[in-house]
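Raw contents of work25.csv, CSV, N, CA and C atoms:
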```
chain,number,residue,atom,x,y,z
E,7,MET,N,-3.7,-18.8,18.3
E,7,MET,CA,-3.6,-17.4,18.6
E,7,MET,C,-4.1,-16.5,17.5
E,8,PHE,N,-3.8,-16.9,16.2
E,8,PHE,CA,-4.3,-16.2,15.1
E,8,PHE,C,-5.8,-16.3,15.0
E,9,ARG,N,-6.4,-17.4,15.4
E,9,ARG,CA,-7.8,-17.6,15.4
E,9,ARG,C,-8.5,-16.7,16.4
E,10,ARG,N,-7.8,-16.5,17.6
E,10,ARG,CA,-8.4,-15.7,18.6
E,10,ARG,C,-8.5,-14.2,18.1
E,11,PHE,N,-7.4,-13.7,17.5
E,11,PHE,CA,-7.4,-12.4,17.0
E,11,PHE,C,-8.5,-12.2,15.9
E,12,TRP,N,-8.6,-13.2,15.0
E,12,TRP,CA,-9.6,-13.2,14.0
E,12,TRP,C,-11.0,-13.1,14.6
E,13,ASN,N,-11.3,-13.8,15.6
E,13,ASN,CA,-12.6,-13.8,16.3
E,13,ASN,C,-12.9,-12.5,16.9
E,14,ILE,N,-11.8,-11.8,17.5
E,14,ILE,CA,-12.0,-10.5,18.1
E,14,ILE,C,-12.4,-9.5,17.1
E,15,TYR,N,-11.7,-9.5,15.9
E,15,TYR,CA,-12.0,-8.5,14.9
E,15,TYR,C,-13.3,-8.8,14.2
E,16,TYR,N,-13.6,-10.1,14.0
E,16,TYR,CA,-14.9,-10.5,13.4
E,16,TYR,C,-16.1,-10.1,14.2
E,17,ASP,N,-16.0,-10.3,15.5
E,17,ASP,CA,-17.1,-9.9,16.4
E,17,ASP,C,-17.3,-8.4,16.4
E,18,GLY,N,-16.1,-7.7,16.4
E,18,GLY,CA,-16.2,-6.3,16.5
E,18,GLY,C,-16.8,-5.7,15.2
E,19,PHE,N,-16.4,-6.2,14.1
E,19,PHE,CA,-17.0,-5.7,12.8
E,19,PHE,C,-18.5,-6.1,12.7
E,20,ARG,N,-18.8,-7.3,13.2
E,20,ARG,CA,-20.2,-7.8,13.0
E,20,ARG,C,-21.1,-6.9,13.8
E,21,HIS,N,-20.7,-6.4,15.0
E,21,HIS,CA,-21.6,-5.6,15.8
E,21,HIS,C,-21.5,-4.1,15.6
E,22,LEU,N,-20.8,-3.7,14.5
E,22,LEU,CA,-20.7,-2.3,14.2
E,22,LEU,C,-22.1,-1.8,13.7
E,23,PRO,N,-22.4,-0.6,13.9
E,23,PRO,CA,-23.6,0.0,13.3
E,23,PRO,C,-23.4,0.2,11.8
E,24,ARG,N,-24.5,0.4,11.1
E,24,ARG,CA,-24.5,0.6,9.7
E,24,ARG,C,-23.6,1.7,9.3
E,25,TRP,N,-23.6,2.8,9.9
E,25,TRP,CA,-22.8,3.9,9.5
E,25,TRP,C,-21.3,3.6,9.7
E,26,GLY,N,-20.9,2.8,10.7
E,26,GLY,CA,-19.6,2.4,10.9
E,26,GLY,C,-19.0,1.5,9.8
E,27,LYS,N,-19.9,0.6,9.3
E,27,LYS,CA,-19.5,-0.2,8.1
E,27,LYS,C,-19.3,0.7,6.9
E,28,ILE,N,-20.1,1.7,6.7
E,28,ILE,CA,-20.0,2.6,5.6
E,28,ILE,C,-18.7,3.4,5.7
E,29,VAL,N,-18.4,3.8,6.9
E,29,VAL,CA,-17.1,4.6,7.1
E,29,VAL,C,-15.9,3.7,6.7
E,30,ILE,N,-15.9,2.5,7.2
E,30,ILE,CA,-14.8,1.5,6.9
E,30,ILE,C,-14.7,1.3,5.4
E,31,ALA,N,-15.8,1.1,4.7
E,31,ALA,CA,-15.8,0.9,3.3
E,31,ALA,C,-15.2,2.1,2.6
E,32,ILE,N,-15.6,3.3,3.0
E,32,ILE,CA,-15.0,4.5,2.4
E,32,ILE,C,-13.5,4.6,2.6
E,33,VAL,N,-13.0,4.3,3.8
E,33,VAL,CA,-11.6,4.3,4.1
E,33,VAL,C,-10.9,3.3,3.3
E,34,LEU,N,-11.4,2.1,3.2
E,34,LEU,CA,-10.8,1.1,2.3
E,34,LEU,C,-10.7,1.5,0.9
E,35,ALA,N,-11.8,2.1,0.4
E,35,ALA,CA,-11.8,2.5,-1.0
E,35,ALA,C,-10.8,3.6,-1.2
E,36,LYS,N,-10.6,4.6,-0.3
E,36,LYS,CA,-9.6,5.6,-0.4
E,36,LYS,C,-8.2,5.0,-0.4
E,37,LEU,N,-8.0,4.1,0.5
E,37,LEU,CA,-6.7,3.4,0.5
E,37,LEU,C,-6.4,2.7,-0.8
E,38,PHE,N,-7.3,2.0,-1.4
E,38,PHE,CA,-7.2,1.4,-2.6
E,38,PHE,C,-6.8,2.4,-3.7
E,39,ILE,N,-7.5,3.5,-3.8
E,39,ILE,CA,-7.3,4.5,-4.8
E,39,ILE,C,-5.9,5.1,-4.6
E,40,MET,N,-5.5,5.4,-3.4
E,40,MET,CA,-4.2,6.0,-3.1
E,40,MET,C,-3.1,5.0,-3.5
E,41,PHE,N,-3.1,3.8,-3.2
E,41,PHE,CA,-2.0,2.9,-3.4
E,41,PHE,C,-2.0,2.2,-4.7
E,42,ALA,N,-3.1,1.9,-5.3
E,42,ALA,CA,-3.2,1.2,-6.5
E,42,ALA,C,-3.3,2.1,-7.7
E,43,VAL,N,-4.3,2.9,-7.8
E,43,VAL,CA,-4.6,3.7,-9.0
E,43,VAL,C,-3.6,4.8,-9.1
E,44,ILE,N,-3.3,5.5,-8.1
E,44,ILE,CA,-2.3,6.6,-8.2
E,44,ILE,C,-0.9,6.1,-8.6
E,45,LYS,N,-0.6,5.0,-8.0
E,45,LYS,CA,0.7,4.4,-8.3
E,45,LYS,C,0.8,4.0,-9.8
E,46,LEU,N,-0.2,3.5,-10.3
E,46,LEU,CA,-0.2,3.1,-11.7
E,46,LEU,C,0.0,4.3,-12.7
E,47,PHE,N,-0.6,5.4,-12.4
E,47,PHE,CA,-0.6,6.5,-13.3
E,47,PHE,C,0.5,7.5,-13.0
E,48,PHE,N,0.9,7.7,-11.8
E,48,PHE,CA,1.8,8.8,-11.5
E,48,PHE,C,3.2,8.4,-11.0
E,49,MET,N,3.4,7.1,-10.8
E,49,MET,CA,4.7,6.6,-10.4
E,49,MET,C,5.2,5.5,-11.4
E,50,PRO,N,5.8,6.0,-12.5
E,50,PRO,CA,6.3,5.0,-13.5
E,50,PRO,C,7.5,4.3,-13.0
E,51,ASP,N,7.8,3.1,-13.5
E,51,ASP,CA,9.0,2.4,-13.1
E,51,ASP,C,10.2,2.9,-13.9
E,52,TYR,N,10.8,4.0,-13.3
E,52,TYR,CA,11.8,4.7,-14.0
E,52,TYR,C,13.1,3.8,-14.2
E,53,LEU,N,13.5,3.1,-13.1
E,53,LEU,CA,14.7,2.4,-13.2
E,53,LEU,C,14.7,1.3,-14.3
E,54,ASN,N,13.6,0.5,-14.3
E,54,ASN,CA,13.5,-0.5,-15.3
E,54,ASN,C,13.4,0.0,-16.8
E,55,SER,N,12.9,1.2,-16.9
E,55,SER,CA,12.7,1.7,-18.3
E,55,SER,C,14.0,2.4,-18.7
E,56,GLN,N,14.9,2.8,-17.8
E,56,GLN,CA,16.1,3.5,-18.2
E,56,GLN,C,17.4,2.7,-18.2
E,57,TYR,N,17.4,1.7,-17.3
E,57,TYR,CA,18.6,0.9,-17.1
E,57,TYR,C,18.2,-0.6,-17.2
E,58,THR,N,19.2,-1.4,-17.7
E,58,THR,CA,18.9,-2.8,-17.9
E,58,THR,C,19.5,-3.7,-16.9
E,59,THR,N,20.7,-3.4,-16.4
E,59,THR,CA,21.3,-4.3,-15.4
E,59,THR,C,21.2,-3.7,-14.0
E,60,ASP,N,21.3,-4.6,-13.0
E,60,ASP,CA,21.3,-4.2,-11.6
E,60,ASP,C,22.4,-3.3,-11.2
E,61,GLN,N,23.5,-3.5,-11.8
E,61,GLN,CA,24.7,-2.6,-11.5
E,61,GLN,C,24.4,-1.1,-12.0
E,62,GLU,N,23.8,-1.0,-13.2
E,62,GLU,CA,23.5,0.4,-13.6
E,62,GLU,C,22.4,1.0,-12.7
E,63,LYS,N,21.4,0.2,-12.3
E,63,LYS,CA,20.4,0.7,-11.4
E,63,LYS,C,21.0,1.2,-10.1
E,64,SER,N,21.9,0.3,-9.5
E,64,SER,CA,22.4,0.7,-8.2
E,64,SER,C,23.4,1.9,-8.3
E,65,ASN,N,24.1,2.0,-9.4
E,65,ASN,CA,24.9,3.2,-9.6
E,65,ASN,C,24.1,4.5,-9.7
E,66,HIS,N,23.0,4.4,-10.4
E,66,HIS,CA,22.1,5.6,-10.5
E,66,HIS,C,21.6,6.0,-9.2
E,67,VAL,N,21.1,5.0,-8.4
E,67,VAL,CA,20.5,5.3,-7.1
E,67,VAL,C,21.6,5.9,-6.2
E,68,LEU,N,22.8,5.3,-6.2
E,68,LEU,CA,23.9,5.8,-5.4
E,68,LEU,C,24.3,7.2,-5.8
E,69,ASN,N,24.4,7.5,-7.1
E,69,ASN,CA,24.7,8.9,-7.5
E,69,ASN,C,23.6,9.9,-7.1
E,70,GLU,N,22.3,9.5,-7.2
E,70,GLU,CA,21.3,10.4,-6.8
E,70,GLU,C,21.3,10.7,-5.3
E,71,LEU,N,21.6,9.7,-4.5
E,71,LEU,CA,21.7,9.9,-3.0
E,71,LEU,C,22.9,10.7,-2.6
E,72,ILE,N,24.0,10.6,-3.3
E,72,ILE,CA,25.2,11.3,-2.9
E,72,ILE,C,25.2,12.7,-3.4
E,73,THR,N,24.8,12.9,-4.7
E,73,THR,CA,24.9,14.2,-5.3
E,73,THR,C,23.7,15.2,-5.0
E,74,LYS,N,22.6,14.7,-4.8
E,74,LYS,CA,21.4,15.6,-4.5
E,74,LYS,C,21.3,15.8,-3.0
E,75,PRO,N,21.0,17.1,-2.6
E,75,PRO,CA,20.8,17.4,-1.2
E,75,PRO,C,19.5,16.8,-0.6
```

Could you show the structure in this file as structure tokens?
Amino acid sequence: MFRRFWNIYYDGFRHLPRWGKIVIAIVLAKLFIMFAVIKLFFMPDYLNSQYTTDQEKSNHVLNELITKP
């Protein structure tokens, strides 16, 4: 079943025109930038840098969810 789905997508991408392949490459590059690069620079790992134990981390998250609107 997995092989059948793979063949469908493979044939579809193989028969795409050149501009379609370029558009897919641009979309994949944008997704990579959004999820990998931006996460590295703008989303630091706050919990691991501020708290050491799992209990402290869970208490912080619980307090943030309860006290903030």

Fill in: Members of chain E assigned helix (DSSP H, G or I) by DSSP, as a ChimeraX atom specification
/E:8-20,24-48,52-56,60-73

Give me, as JSON lines, each residue of range 44-66 of chain E that comes within 8 Å of range 28-40 of chain E, together with its shortest interatomic pair and the distance in Å at one decimal, counting all atoms listed in the file, with rows ordered by chain and rising residue number.
```
{"residue": "E:Ile44", "atom": "N", "partner": "E:Ile39", "partner_atom": "C", "distance": 4.4}
{"residue": "E:Lys45", "atom": "N", "partner": "E:Met40", "partner_atom": "C", "distance": 5.1}
{"residue": "E:Leu46", "atom": "N", "partner": "E:Met40", "partner_atom": "C", "distance": 7.5}
```

Practice prompt. Using CA of His66 in chain E and CA of Asn54 in chain E as the two end points, give the distance in Å to one decimal.
Written response: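 Interatomic distance, CA of His66 in chain E to CA of Asn54 in chain E: 11.6 Å.
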
Worksheet item: How far is it from atom N of Asn65 in chain E to CA of Pro50 in chain E, in Å with one decimal?
Response: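 CA of Pro50 in chain E lies at a distance of 18.5 Å from atom N of Asn65 in chain E.
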
Env of Val67 in chain E: 12 Å cut, atoms = only C-alpha atoms, seq-sep filter 5 positions within chain, self excluded. Answer as a compact mmCIF listing (two decimals) with N, CA and C atoms, in the frame of the given file.
```
# COMPACT_ATOMS: atom_id res chain seq x y z
N TYR E 52 10.80 4.00 -13.30
CA TYR E 52 11.80 4.70 -14.00
C TYR E 52 13.10 3.80 -14.20
N LEU E 53 13.50 3.10 -13.10
CA LEU E 53 14.70 2.40 -13.20
C LEU E 53 14.70 1.30 -14.30
N TYR E 57 17.40 1.70 -17.30
CA TYR E 57 18.60 0.90 -17.10
C TYR E 57 18.20 -0.60 -17.20
N ASP E 60 21.30 -4.60 -13.00
CA ASP E 60 21.30 -4.20 -11.60
C ASP E 60 22.40 -3.30 -11.20
N GLN E 61 23.50 -3.50 -11.80
CA GLN E 61 24.70 -2.60 -11.50
C GLN E 61 24.40 -1.10 -12.00
N GLU E 62 23.80 -1.00 -13.20
CA GLU E 62 23.50 0.40 -13.60
C GLU E 62 22.40 1.00 -12.70
N ILE E 72 24.00 10.60 -3.30
CA ILE E 72 25.20 11.30 -2.90
C ILE E 72 25.20 12.70 -3.40
N THR E 73 24.80 12.90 -4.70
CA THR E 73 24.90 14.20 -5.30
C THR E 73 23.70 15.20 -5.00
N LYS E 74 22.60 14.70 -4.80
CA LYS E 74 21.40 15.60 -4.50
C LYS E 74 21.30 15.80 -3.00
```

Discussion item. What's the separation between atom C of Lys63 in chain E and atom N of Asp51 in chain E, in Å to one decimal place?
Written reply: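 Between these atoms lies a distance of 13.8 Å.
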